[in-house]
>>> print(open('entry_22.txt').read())   # compact mmCIF, C-alpha atoms and all ligand atoms
# COMPACT_ATOMS: atom_id res chain seq x y z
CA MET A 1 -9.92 36.59 14.05
CA SER A 2 -10.20 33.14 12.53
CA GLU A 3 -7.27 31.88 10.48
CA PRO A 4 -7.56 31.71 6.71
CA LYS A 5 -8.49 28.13 5.78
CA ASN A 6 -5.42 27.26 3.76
CA SER A 7 -2.70 28.60 6.01
CA THR A 8 -2.98 26.17 8.90
CA SER A 9 -0.62 23.40 7.89
CA ALA A 10 2.65 22.99 6.05
CA PRO A 11 3.65 19.71 4.41
CA PRO A 12 5.80 17.61 6.73
CA TRP A 13 9.27 16.69 5.54
CA ARG A 14 9.03 13.13 4.21
CA ASN A 15 12.05 11.51 2.70
CA PHE A 16 11.33 8.90 0.07
CA TYR A 17 14.34 6.73 -0.73
CA GLY A 18 12.86 4.34 -3.28
CA ARG A 19 12.69 4.59 -7.07
CA ILE A 20 10.05 6.79 -8.67
CA LYS A 21 11.00 6.11 -12.28
CA GLY A 22 12.75 3.20 -13.98
CA LYS A 23 13.33 2.36 -17.61
CA THR A 24 11.64 4.41 -20.31
CA LEU A 25 7.93 3.79 -20.47
CA ARG A 26 6.51 2.17 -23.59
CA LYS A 27 4.19 4.28 -25.75
CA SER A 28 1.18 2.23 -24.61
CA GLN A 29 2.15 2.73 -20.97
CA ARG A 30 2.38 6.50 -21.45
CA GLU A 31 -1.07 6.41 -23.02
CA TRP A 32 -2.53 4.46 -20.09
CA LEU A 33 -1.04 7.00 -17.68
CA ASP A 34 -2.38 9.94 -19.71
CA GLU A 35 -5.81 8.50 -20.37
CA ASP A 36 -6.69 6.40 -17.32
CA LEU A 37 -4.86 7.52 -14.21
CA ALA A 38 -6.78 10.72 -13.41
CA ALA A 39 -10.13 8.91 -13.55
CA LEU A 40 -8.84 6.36 -11.04
CA SER A 41 -7.79 8.95 -8.47
CA PRO A 42 -9.20 8.40 -4.98
CA GLY A 43 -9.52 12.21 -4.62
CA ALA A 44 -7.20 14.95 -3.44
CA VAL A 45 -4.30 13.24 -1.67
CA ASP A 46 -1.25 15.40 -2.34
CA TRP A 47 -0.44 18.44 -0.26
CA ASP A 48 -0.62 20.75 -3.29
CA SER A 49 -4.19 19.80 -4.08
CA ASN A 50 -5.31 19.31 -0.48
CA PRO A 51 -3.33 21.53 1.91
CA ASP A 52 -6.03 21.25 4.60
CA ARG A 53 -5.85 17.44 4.45
CA THR A 54 -9.60 17.15 4.04
CA PRO A 55 -10.54 13.45 4.33
CA LEU A 56 -11.44 11.54 1.17
CA ASP A 57 -15.11 10.94 0.47
CA LEU A 58 -15.11 7.14 0.57
CA LYS A 59 -18.85 6.90 0.14
CA ALA A 60 -18.58 8.73 -3.17
CA LEU A 61 -15.77 6.38 -4.22
CA PHE A 62 -17.10 3.01 -3.24
CA GLY A 63 -20.58 3.45 -1.72
CA ASP A 64 -20.98 1.06 1.20
CA ARG A 65 -18.26 -1.32 0.06
CA PRO A 66 -15.52 -2.06 2.62
CA LEU A 67 -12.19 -0.41 1.87
CA TRP A 68 -8.97 -2.37 1.42
CA LEU A 69 -5.53 -0.93 0.89
CA GLU A 70 -2.44 -2.28 -0.86
CA ILE A 71 0.77 -0.44 0.00
CA GLY A 72 3.51 -0.59 -2.64
CA PHE A 73 1.67 -2.75 -5.17
CA GLY A 74 4.65 -3.05 -7.53
CA GLY A 75 3.29 -4.32 -10.87
CA GLY A 76 -0.23 -4.65 -9.43
CA GLU A 77 -0.77 -8.38 -10.03
CA HIS A 78 -1.89 -9.09 -6.47
CA LEU A 79 -4.08 -6.00 -6.35
CA VAL A 80 -5.88 -6.93 -9.57
CA HIS A 81 -6.32 -10.50 -8.35
CA GLN A 82 -7.90 -9.33 -5.08
CA ALA A 83 -10.09 -6.76 -6.82
CA ALA A 84 -11.34 -9.37 -9.29
CA GLN A 85 -12.06 -11.93 -6.54
CA ASN A 86 -13.72 -9.34 -4.27
CA ARG A 87 -15.90 -7.09 -6.37
CA ASP A 88 -17.93 -6.14 -3.31
CA VAL A 89 -14.82 -4.44 -1.88
CA GLY A 90 -13.16 -1.17 -2.92
CA ILE A 91 -9.35 -1.26 -3.09
CA ILE A 92 -6.98 1.70 -3.09
CA GLY A 93 -3.45 0.91 -4.19
CA CYS A 94 -0.53 3.21 -3.61
CA GLU A 95 2.78 3.01 -5.43
CA PRO A 96 5.25 5.83 -6.12
CA TYR A 97 7.09 3.85 -8.85
CA ILE A 98 5.42 5.14 -12.01
CA ASN A 99 6.48 2.13 -14.13
CA GLY A 100 4.57 -0.08 -11.68
CA VAL A 101 1.54 2.21 -11.87
CA ALA A 102 1.62 1.91 -15.67
CA MET A 103 1.75 -1.89 -15.41
CA LEU A 104 -1.28 -1.89 -13.14
CA LEU A 105 -3.18 0.36 -15.55
CA GLY A 106 -2.57 -2.10 -18.39
CA LYS A 107 -3.93 -4.94 -16.26
CA LEU A 108 -6.98 -2.91 -15.23
CA ARG A 109 -7.82 -2.18 -18.88
CA ARG A 110 -7.85 -5.89 -19.59
CA GLU A 111 -9.90 -6.82 -16.52
CA GLY A 112 -12.48 -4.01 -16.63
CA LEU A 113 -12.70 -3.61 -12.85
CA ASP A 114 -14.60 -0.72 -11.26
CA ASN A 115 -13.50 -1.23 -7.66
CA VAL A 116 -9.89 0.03 -7.82
CA ARG A 117 -8.44 3.49 -7.22
CA ILE A 118 -4.79 4.45 -7.45
CA HIS A 119 -2.66 6.88 -5.50
CA PRO A 120 0.56 7.11 -7.54
CA GLY A 121 2.64 8.18 -4.56
CA ASP A 122 3.69 7.68 -0.99
CA ALA A 123 1.35 5.81 1.37
CA ARG A 124 2.02 8.37 4.10
CA ASP A 125 0.26 11.08 2.07
CA LEU A 126 -2.72 8.77 1.64
CA PHE A 127 -2.86 7.98 5.38
CA ASP A 128 -3.23 11.74 6.08
CA VAL A 129 -6.50 11.90 4.18
CA LEU A 130 -8.09 8.55 4.97
CA PRO A 131 -10.78 8.87 7.62
CA PRO A 132 -9.85 7.26 10.95
CA GLN A 133 -10.83 3.60 11.21
CA SER A 134 -11.87 3.36 7.58
CA VAL A 135 -9.68 0.53 6.26
CA ALA A 136 -10.96 -3.04 6.66
CA ARG A 137 -7.83 -4.81 5.34
CA ALA A 138 -4.32 -3.79 4.37
CA PHE A 139 -1.58 -5.56 2.40
CA LEU A 140 2.11 -4.81 2.77
CA LEU A 141 3.72 -7.30 0.38
CA TYR A 142 7.47 -7.48 0.08
CA PRO A 143 8.21 -3.95 1.26
CA ASP A 144 11.63 -2.61 0.26
CA PRO A 145 14.12 -4.64 2.34
CA TRP A 146 16.77 -1.98 3.02
CA PRO A 147 19.29 -4.67 4.06
CA LYS A 148 22.02 -2.44 5.51
CA LYS A 149 21.66 -1.84 9.24
CA LYS A 150 22.10 1.92 8.87
CA HIS A 151 19.07 1.90 6.50
CA HIS A 152 16.70 -0.12 8.70
CA ARG A 153 14.99 3.07 9.79
CA ARG A 154 13.89 3.58 6.16
CA ARG A 155 11.84 0.40 6.31
CA PHE A 156 8.08 0.62 6.19
CA VAL A 157 7.76 -1.18 9.52
CA THR A 158 8.71 1.88 11.54
CA PRO A 159 6.47 4.08 13.71
CA GLU A 160 6.42 6.82 11.07
CA HIS A 161 4.38 4.51 8.83
CA LEU A 162 2.76 2.13 11.29
CA GLU A 163 1.18 4.72 13.58
CA PRO A 164 -0.84 6.41 10.83
CA LEU A 165 -1.65 3.00 9.35
CA HIS A 166 -3.03 1.95 12.73
CA ARG A 167 -5.08 5.14 12.92
CA VAL A 168 -6.80 4.54 9.57
CA MET A 169 -7.51 0.84 10.14
CA GLN A 170 -10.68 -0.40 11.76
CA PRO A 171 -10.44 -2.26 15.08
CA GLY A 172 -10.24 -5.95 14.18
CA ALA A 173 -9.03 -5.22 10.62
CA VAL A 174 -6.37 -7.51 9.21
CA LEU A 175 -2.91 -6.44 8.10
CA ARG A 176 -0.98 -8.91 5.94
CA VAL A 177 2.78 -8.57 5.65
CA ALA A 178 4.95 -10.74 3.39
CA THR A 179 8.73 -10.64 3.27
CA ASP A 180 11.63 -12.88 2.29
CA ILE A 181 14.17 -11.15 4.52
CA PRO A 182 14.69 -12.75 7.97
CA ASP A 183 15.79 -9.48 9.55
CA TYR A 184 12.67 -7.82 8.14
CA VAL A 185 10.63 -10.52 9.92
CA ARG A 186 12.43 -9.65 13.14
CA GLN A 187 11.72 -5.94 12.78
CA THR A 188 8.10 -6.56 11.75
CA LEU A 189 7.42 -8.80 14.76
CA TYR A 190 8.95 -6.15 17.01
CA GLU A 191 7.48 -2.96 15.53
CA VAL A 192 4.01 -3.94 14.31
CA PRO A 193 2.73 -5.12 17.74
CA ARG A 194 4.21 -1.99 19.31
CA ALA A 195 2.06 0.06 16.93
CA GLY A 196 -1.13 -1.63 18.18
CA PHE A 197 -1.47 -4.82 16.17
CA GLU A 198 -1.68 -8.40 17.43
CA TRP A 199 0.21 -11.11 15.52
CA LEU A 200 -2.02 -14.06 14.63
CA ALA A 201 0.73 -16.64 14.81
CA GLU A 202 -1.48 -19.70 14.75
CA GLY A 203 -3.82 -21.19 12.15
CA PRO A 204 -4.18 -19.02 9.06
CA GLY A 205 -1.49 -16.81 10.52
CA ASP A 206 1.17 -19.54 10.26
CA TRP A 207 4.06 -17.70 8.65
CA ARG A 208 5.13 -20.59 6.39
CA ALA A 209 1.90 -20.94 4.45
CA PRO A 210 0.57 -18.34 2.04
CA TRP A 211 -2.95 -17.11 2.55
CA ASP A 212 -5.71 -19.17 0.86
CA ASP A 213 -6.46 -16.37 -1.59
CA TRP A 214 -2.79 -15.58 -2.29
CA LEU A 215 -1.43 -14.67 -5.68
CA SER A 216 2.35 -14.65 -5.83
CA THR A 217 3.85 -11.26 -6.69
CA ARG A 218 6.70 -10.42 -9.07
CA TYR A 219 8.99 -9.73 -6.17
CA GLU A 220 8.12 -13.05 -4.53
CA GLN A 221 8.86 -14.92 -7.78
CA LYS A 222 12.30 -13.31 -7.87
CA ALA A 223 12.90 -14.18 -4.22
CA LEU A 224 11.96 -17.81 -4.85
CA ARG A 225 14.23 -18.00 -7.92
CA GLU A 226 17.06 -16.69 -5.79
CA GLY A 227 16.42 -19.28 -3.06
CA ARG A 228 14.89 -17.09 -0.35
CA THR A 229 11.97 -18.19 1.83
CA PRO A 230 8.71 -16.24 1.94
CA HIS A 231 7.27 -15.37 5.35
CA TYR A 232 3.58 -14.56 5.61
CA MET A 233 2.54 -12.68 8.73
CA THR A 234 -1.03 -11.80 9.66
CA PHE A 235 -1.88 -9.13 12.24
CA ARG A 236 -5.13 -7.89 13.70
CA ARG A 237 -5.50 -4.22 14.46
CA VAL A 238 -6.34 -3.93 18.16
C1 LIG A 301 10.15 -4.66 -3.20
S1 LIG A 301 8.85 -3.85 -4.01
C2 LIG A 301 7.54 -5.03 -3.94
C3 LIG A 301 6.43 -4.74 -4.90
C4 LIG A 301 5.24 -5.70 -4.86
N1 LIG A 301 4.49 -5.59 -3.63
C5 LIG A 301 5.69 -7.12 -5.09
O1 LIG A 301 5.63 -7.92 -4.13
O2 LIG A 301 6.10 -7.45 -6.21
C6 LIG A 301 8.34 -2.65 -2.79
C7 LIG A 301 7.45 -1.56 -3.38
O3 LIG A 301 7.02 -0.67 -2.34
C8 LIG A 301 6.98 0.63 -2.88
N2 LIG A 301 7.07 1.60 -1.78
C9 LIG A 301 8.16 1.92 -1.06
N3 LIG A 301 7.87 2.86 -0.15
C10 LIG A 301 6.55 3.15 -0.30
C11 LIG A 301 5.67 4.08 0.33
N4 LIG A 301 6.09 4.90 1.30
N5 LIG A 301 4.39 4.11 -0.07
C12 LIG A 301 3.95 3.29 -1.05
N6 LIG A 301 4.75 2.40 -1.69
C13 LIG A 301 6.02 2.34 -1.32
C14 LIG A 301 8.16 0.69 -3.82
O4 LIG A 301 8.05 1.70 -4.80
C15 LIG A 301 8.17 -0.71 -4.42
O5 LIG A 301 7.46 -0.78 -5.63
>>> encode(input="entry_22.txt", output="structure tokens", more="lines below")
Ligand SMILES: C[S@@+](CC[C@H](N)C(=O)[O-])C[C@H]1O[C@@H](n2cnc3c(N)ncnc32)[C@H](O)[C@@H]1O
Amino acid sequence: MSEPKNSTSAPPWRNFYGRIKGKTLRKSQREWLDEDLAALSPGAVDWDSNPDRTPLDLKALFGDRPLWLEIGFGGGEHLVHQAAQNRDVGIIGCEPYINGVAMLLGKLRREGLDNVRIHPGDARDLFDVLPPQSVARAFLLYPDPWPKKKHHRRRFVTPEHLEPLHRVMQPGAVLRVATDIPDYVRQTLYEVPRAGFEWLAEGPGDWRAPWDDWLSTRYEQKALREGRTPHYMTFRRV
């Protein structure tokens, strides 16, 4: 007898250690969340709404446009910049911090972009439902540093995140990672190649120089104010 469709998989246990909510949202931000967020959904991502983990219909979302992904977009300034500069690309941003999502929604209202979708949650849930080899570019900009050694395994640059990211990226696709934490650079240069990416250390991949189309993020501005040095690493998915 075949199994009932919805009973095949249980949600995996995924700890999320970051912040989901910060200071009280302004009235306008609550309105943006209520009025705009649902329409910007990339489809059924969460386990409740998609227990079978049916892949997203990217064609319905973006037609034939290439898909880019920004993981942990914070206030969304870089995502909006990229979406505005690259209207022939579709960008999905994921960010569990709802205050950041609200900030992005405000920016999107002002810009009137049609090529952005938002998953207001954990990137790992999104990876489950992205078709294999569907992502043409990914941005991981100033991921949470988790400075204490005992917390390094919470960092994004661990196999738990990098293996599914590798699976959803196209061969040859570019992954950009920025960080201001030297030990995060160390872990990135160790873990990301192990997950099937090649570091482009020369030319545009020089870690000291930002990318030509870079827009500095809120977190980077804070790092610069506090005297830390940005590192820009470019990888190619093998
Ligand atoms: C240090 S902040 C940087 C934000 C932004 N990229 C910037 O540069 O200003 C890291 C962000 O990653 C988000 N984040 C952490 N874990 C994540 C995950 N598993 N999936 C998606 N976003 C995540 C956090 O909520 C946080 O907003």
>>> closest_atom_pairs(input="entry_22.txt", of="stretch 138-203 of chain A", to="stretch 92-100 of chain A", cutoff="12 Å", atoms="only C-alpha atoms", output="CSV")
residue,atom,partner,partner_atom,distance
A:Ala138,CA,A:Ile92,CA,9.6
A:Phe139,CA,A:Gly93,CA,9.4
A:Leu140,CA,A:Cys94,CA,10.6
A:Leu141,CA,A:Gly93,CA,11.8
A:Pro143,CA,A:Glu95,CA,11.1
A:Asp144,CA,A:Glu95,CA,11.9
>>> closest_residue(input="entry_22.txt", among="A:Asp46, A:Glu220, A:Asp213, A:Glu160", to="ligand LIG 301 (chain A)", atoms="all atoms listed in the file")
A:Glu220
>>> residues_around(input="entry_22.txt", residues="A:Ala136", least_positions_apart="5", cutoff="9 Å", atoms="all atoms listed in the file", output="PyMOL selection string")
chain A and resi 66-69+169-175
>>> write_last_selection(input="entry_22.txt", atoms="C-alpha atoms", output="compact mmCIF listing (two decimals), in the coordinates of the input")
# COMPACT_ATOMS: atom_id res chain seq x y z
CA PRO A 66 -15.52 -2.06 2.62
CA LEU A 67 -12.19 -0.41 1.87
CA TRP A 68 -8.97 -2.37 1.42
CA LEU A 69 -5.53 -0.93 0.89
CA MET A 169 -7.51 0.84 10.14
CA GLN A 170 -10.68 -0.40 11.76
CA PRO A 171 -10.44 -2.26 15.08
CA GLY A 172 -10.24 -5.95 14.18
CA ALA A 173 -9.03 -5.22 10.62
CA VAL A 174 -6.37 -7.51 9.21
CA LEU A 175 -2.91 -6.44 8.10
>>> residues_around(input="entry_22.txt", residues="A:Ala102", least_positions_apart="6", cutoff="7 Å", atoms="all atoms listed in the file", output="list of chain:residue names")
A:Gln29, A:Trp32, A:Leu33
>>> closest_atom_pairs(input="entry_22.txt", of="chain A", to="ligand LIG 301 (chain A)", cutoff="8 Å", atoms="all atoms listed in the file", output="Markdown table")
| residue | atom | partner | partner_atom | distance |
| --- | --- | --- | --- | --- |
| A:Phe16 | CA | A:LIG301 | N4 | 6.7 |
| A:Tyr17 | CA | A:LIG301 | N3 | 7.6 |
| A:Gly18 | CA | A:LIG301 | O4 | 5.7 |
| A:Arg19 | CA | A:LIG301 | O4 | 5.9 |
| A:Ile20 | CA | A:LIG301 | O4 | 6.7 |
| A:Ile71 | CA | A:LIG301 | C12 | 5.0 |
| A:Gly72 | CA | A:LIG301 | N6 | 3.4 |
| A:Phe73 | CA | A:LIG301 | N1 | 4.3 |
| A:Gly74 | CA | A:LIG301 | C3 | 3.6 |
| A:Gly75 | CA | A:LIG301 | O2 | 6.3 |
| A:Gly76 | CA | A:LIG301 | C4 | 7.2 |
| A:Glu77 | CA | A:LIG301 | O2 | 7.9 |
| A:His78 | CA | A:LIG301 | N1 | 7.8 |
| A:Cys94 | CA | A:LIG301 | C12 | 5.2 |
| A:Glu95 | CA | A:LIG301 | N6 | 4.3 |
| A:Pro96 | CA | A:LIG301 | O4 | 5.2 |
| A:Tyr97 | CA | A:LIG301 | O4 | 4.7 |
| A:Gly100 | CA | A:LIG301 | O5 | 6.7 |
| A:Gly121 | CA | A:LIG301 | C12 | 6.2 |
| A:Asp122 | CA | A:LIG301 | N5 | 3.8 |
| A:Ala123 | CA | A:LIG301 | N5 | 3.8 |
| A:Arg124 | CA | A:LIG301 | N4 | 6.0 |
| A:Leu140 | CA | A:LIG301 | N1 | 6.9 |
| A:Leu141 | CA | A:LIG301 | N1 | 4.4 |
| A:Tyr142 | CA | A:LIG301 | O1 | 4.6 |
| A:Pro143 | CA | A:LIG301 | C6 | 4.3 |
| A:Asp144 | CA | A:LIG301 | C1 | 4.3 |
| A:Pro145 | CA | A:LIG301 | C1 | 6.8 |
| A:Arg155 | CA | A:LIG301 | N3 | 8.0 |
| A:Phe156 | CA | A:LIG301 | N3 | 6.7 |
| A:His161 | CA | A:LIG301 | N4 | 7.7 |
| A:Ser216 | CA | A:LIG301 | O1 | 7.7 |
| A:Thr217 | CA | A:LIG301 | O2 | 4.5 |
| A:Arg218 | CA | A:LIG301 | O2 | 4.2 |
| A:Tyr219 | CA | A:LIG301 | O2 | 3.7 |
| A:Glu220 | CA | A:LIG301 | O1 | 5.7 |
>>> write_last_selection(input="entry_22.txt", atoms="C-alpha atoms", output="PDB file, keeping the file's coordinate frame")
ATOM      1  CA  PHE A  16      11.330   8.900   0.070  1.00  0.00           C
ATOM      2  CA  TYR A  17      14.340   6.730  -0.730  1.00  0.00           C
ATOM      3  CA  GLY A  18      12.860   4.340  -3.280  1.00  0.00           C
ATOM      4  CA  ARG A  19      12.690   4.590  -7.070  1.00  0.00           C
ATOM      5  CA  ILE A  20      10.050   6.790  -8.670  1.00  0.00           C
ATOM      6  CA  ILE A  71       0.770  -0.440   0.000  1.00  0.00           C
ATOM      7  CA  GLY A  72       3.510  -0.590  -2.640  1.00  0.00           C
ATOM      8  CA  PHE A  73       1.670  -2.750  -5.170  1.00  0.00           C
ATOM      9  CA  GLY A  74       4.650  -3.050  -7.530  1.00  0.00           C
ATOM     10  CA  GLY A  75       3.290  -4.320 -10.870  1.00  0.00           C
ATOM     11  CA  GLY A  76      -0.230  -4.650  -9.430  1.00  0.00           C
ATOM     12  CA  GLU A  77      -0.770  -8.380 -10.030  1.00  0.00           C
ATOM     13  CA  HIS A  78      -1.890  -9.090  -6.470  1.00  0.00           C
ATOM     14  CA  CYS A  94      -0.530   3.210  -3.610  1.00  0.00           C
ATOM     15  CA  GLU A  95       2.780   3.010  -5.430  1.00  0.00           C
ATOM     16  CA  PRO A  96       5.250   5.830  -6.120  1.00  0.00           C
ATOM     17  CA  TYR A  97       7.090   3.850  -8.850  1.00  0.00           C
ATOM     18  CA  GLY A 100       4.570  -0.080 -11.680  1.00  0.00           C
ATOM     19  CA  GLY A 121       2.640   8.180  -4.560  1.00  0.00           C
ATOM     20  CA  ASP A 122       3.690   7.680  -0.990  1.00  0.00           C
ATOM     21  CA  ALA A 123       1.350   5.810   1.370  1.00  0.00           C
ATOM     22  CA  ARG A 124       2.020   8.370   4.100  1.00  0.00           C
ATOM     23  CA  LEU A 140       2.110  -4.810   2.770  1.00  0.00           C
ATOM     24  CA  LEU A 141       3.720  -7.300   0.380  1.00  0.00           C
ATOM     25  CA  TYR A 142       7.470  -7.480   0.080  1.00  0.00           C
ATOM     26  CA  PRO A 143       8.210  -3.950   1.260  1.00  0.00           C
ATOM     27  CA  ASP A 144      11.630  -2.610   0.260  1.00  0.00           C
ATOM     28  CA  PRO A 145      14.120  -4.640   2.340  1.00  0.00           C
ATOM     29  CA  ARG A 155      11.840   0.400   6.310  1.00  0.00           C
ATOM     30  CA  PHE A 156       8.080   0.620   6.190  1.00  0.00           C
ATOM     31  CA  HIS A 161       4.380   4.510   8.830  1.00  0.00           C
ATOM     32  CA  SER A 216       2.350 -14.650  -5.830  1.00  0.00           C
ATOM     33  CA  THR A 217       3.850 -11.260  -6.690  1.00  0.00           C
ATOM     34  CA  ARG A 218       6.700 -10.420  -9.070  1.00  0.00           C
ATOM     35  CA  TYR A 219       8.990  -9.730  -6.170  1.00  0.00           C
ATOM     36  CA  GLU A 220       8.120 -13.050  -4.530  1.00  0.00           C
TER      37      GLU A 220
END
>>> residues_around(input="entry_22.txt", residues="A:Thr54", least_positions_apart="5", cutoff="10 Å", atoms="only C-alpha atoms", output="PDB file with C-alpha atoms, in the coordinates of the input")
ATOM      1  CA  GLY A  43      -9.520  12.210  -4.620  1.00  0.00           C
ATOM      2  CA  ALA A  44      -7.200  14.950  -3.440  1.00  0.00           C
ATOM      3  CA  VAL A  45      -4.300  13.240  -1.670  1.00  0.00           C
ATOM      4  CA  ASP A 128      -3.230  11.740   6.080  1.00  0.00           C
ATOM      5  CA  VAL A 129      -6.500  11.900   4.180  1.00  0.00           C
ATOM      6  CA  LEU A 130      -8.090   8.550   4.970  1.00  0.00           C
ATOM      7  CA  PRO A 131     -10.780   8.870   7.620  1.00  0.00           C
TER       8      PRO A 131
END
>>> closest_residue(input="entry_22.txt", among="A:Asp48, A:Asp88, A:Asp125, A:Glu31", to="A:Arg14", atoms="only C-alpha atoms")
A:Asp125
>>> residues_around(input="entry_22.txt", residues="A:Pro132", least_positions_apart="5", cutoff="10 Å", atoms="all atoms listed in the file", output="PDB file with C-alpha atoms, keeping the file's coordinate frame")
ATOM      1  CA  PRO A  55     -10.540  13.450   4.330  1.00  0.00           C
ATOM      2  CA  PHE A 127      -2.860   7.980   5.380  1.00  0.00           C
ATOM      3  CA  PRO A 164      -0.840   6.410  10.830  1.00  0.00           C
ATOM      4  CA  LEU A 165      -1.650   3.000   9.350  1.00  0.00           C
ATOM      5  CA  HIS A 166      -3.030   1.950  12.730  1.00  0.00           C
ATOM      6  CA  ARG A 167      -5.080   5.140  12.920  1.00  0.00           C
ATOM      7  CA  VAL A 168      -6.800   4.540   9.570  1.00  0.00           C
ATOM      8  CA  MET A 169      -7.510   0.840  10.140  1.00  0.00           C
ATOM      9  CA  GLN A 170     -10.680  -0.400  11.760  1.00  0.00           C
TER      10      GLN A 170
END
>>> residues_near_point(input="entry_22.txt", point="(-1.6, -20.5, 4.6)", cutoff="12 Å", atoms="only C-alpha atoms", output="list in words")
Arg176, Ala178, Leu200, Ala201, Glu202, Gly203, Pro204, Gly205, Asp206, Trp207, Arg208, Ala209, Pro210, Trp211, Asp212, Asp213, Trp214, Leu215, Pro230, His231, Tyr232, Met233 and Thr234 of chain A
>>> residues_around(input="entry_22.txt", residues="A:Arg87", least_positions_apart="6", cutoff="10 Å", atoms="only C-alpha atoms", output="list in words")
Arg65, Leu113, Asp114, Asn115 and Val116 of chain A
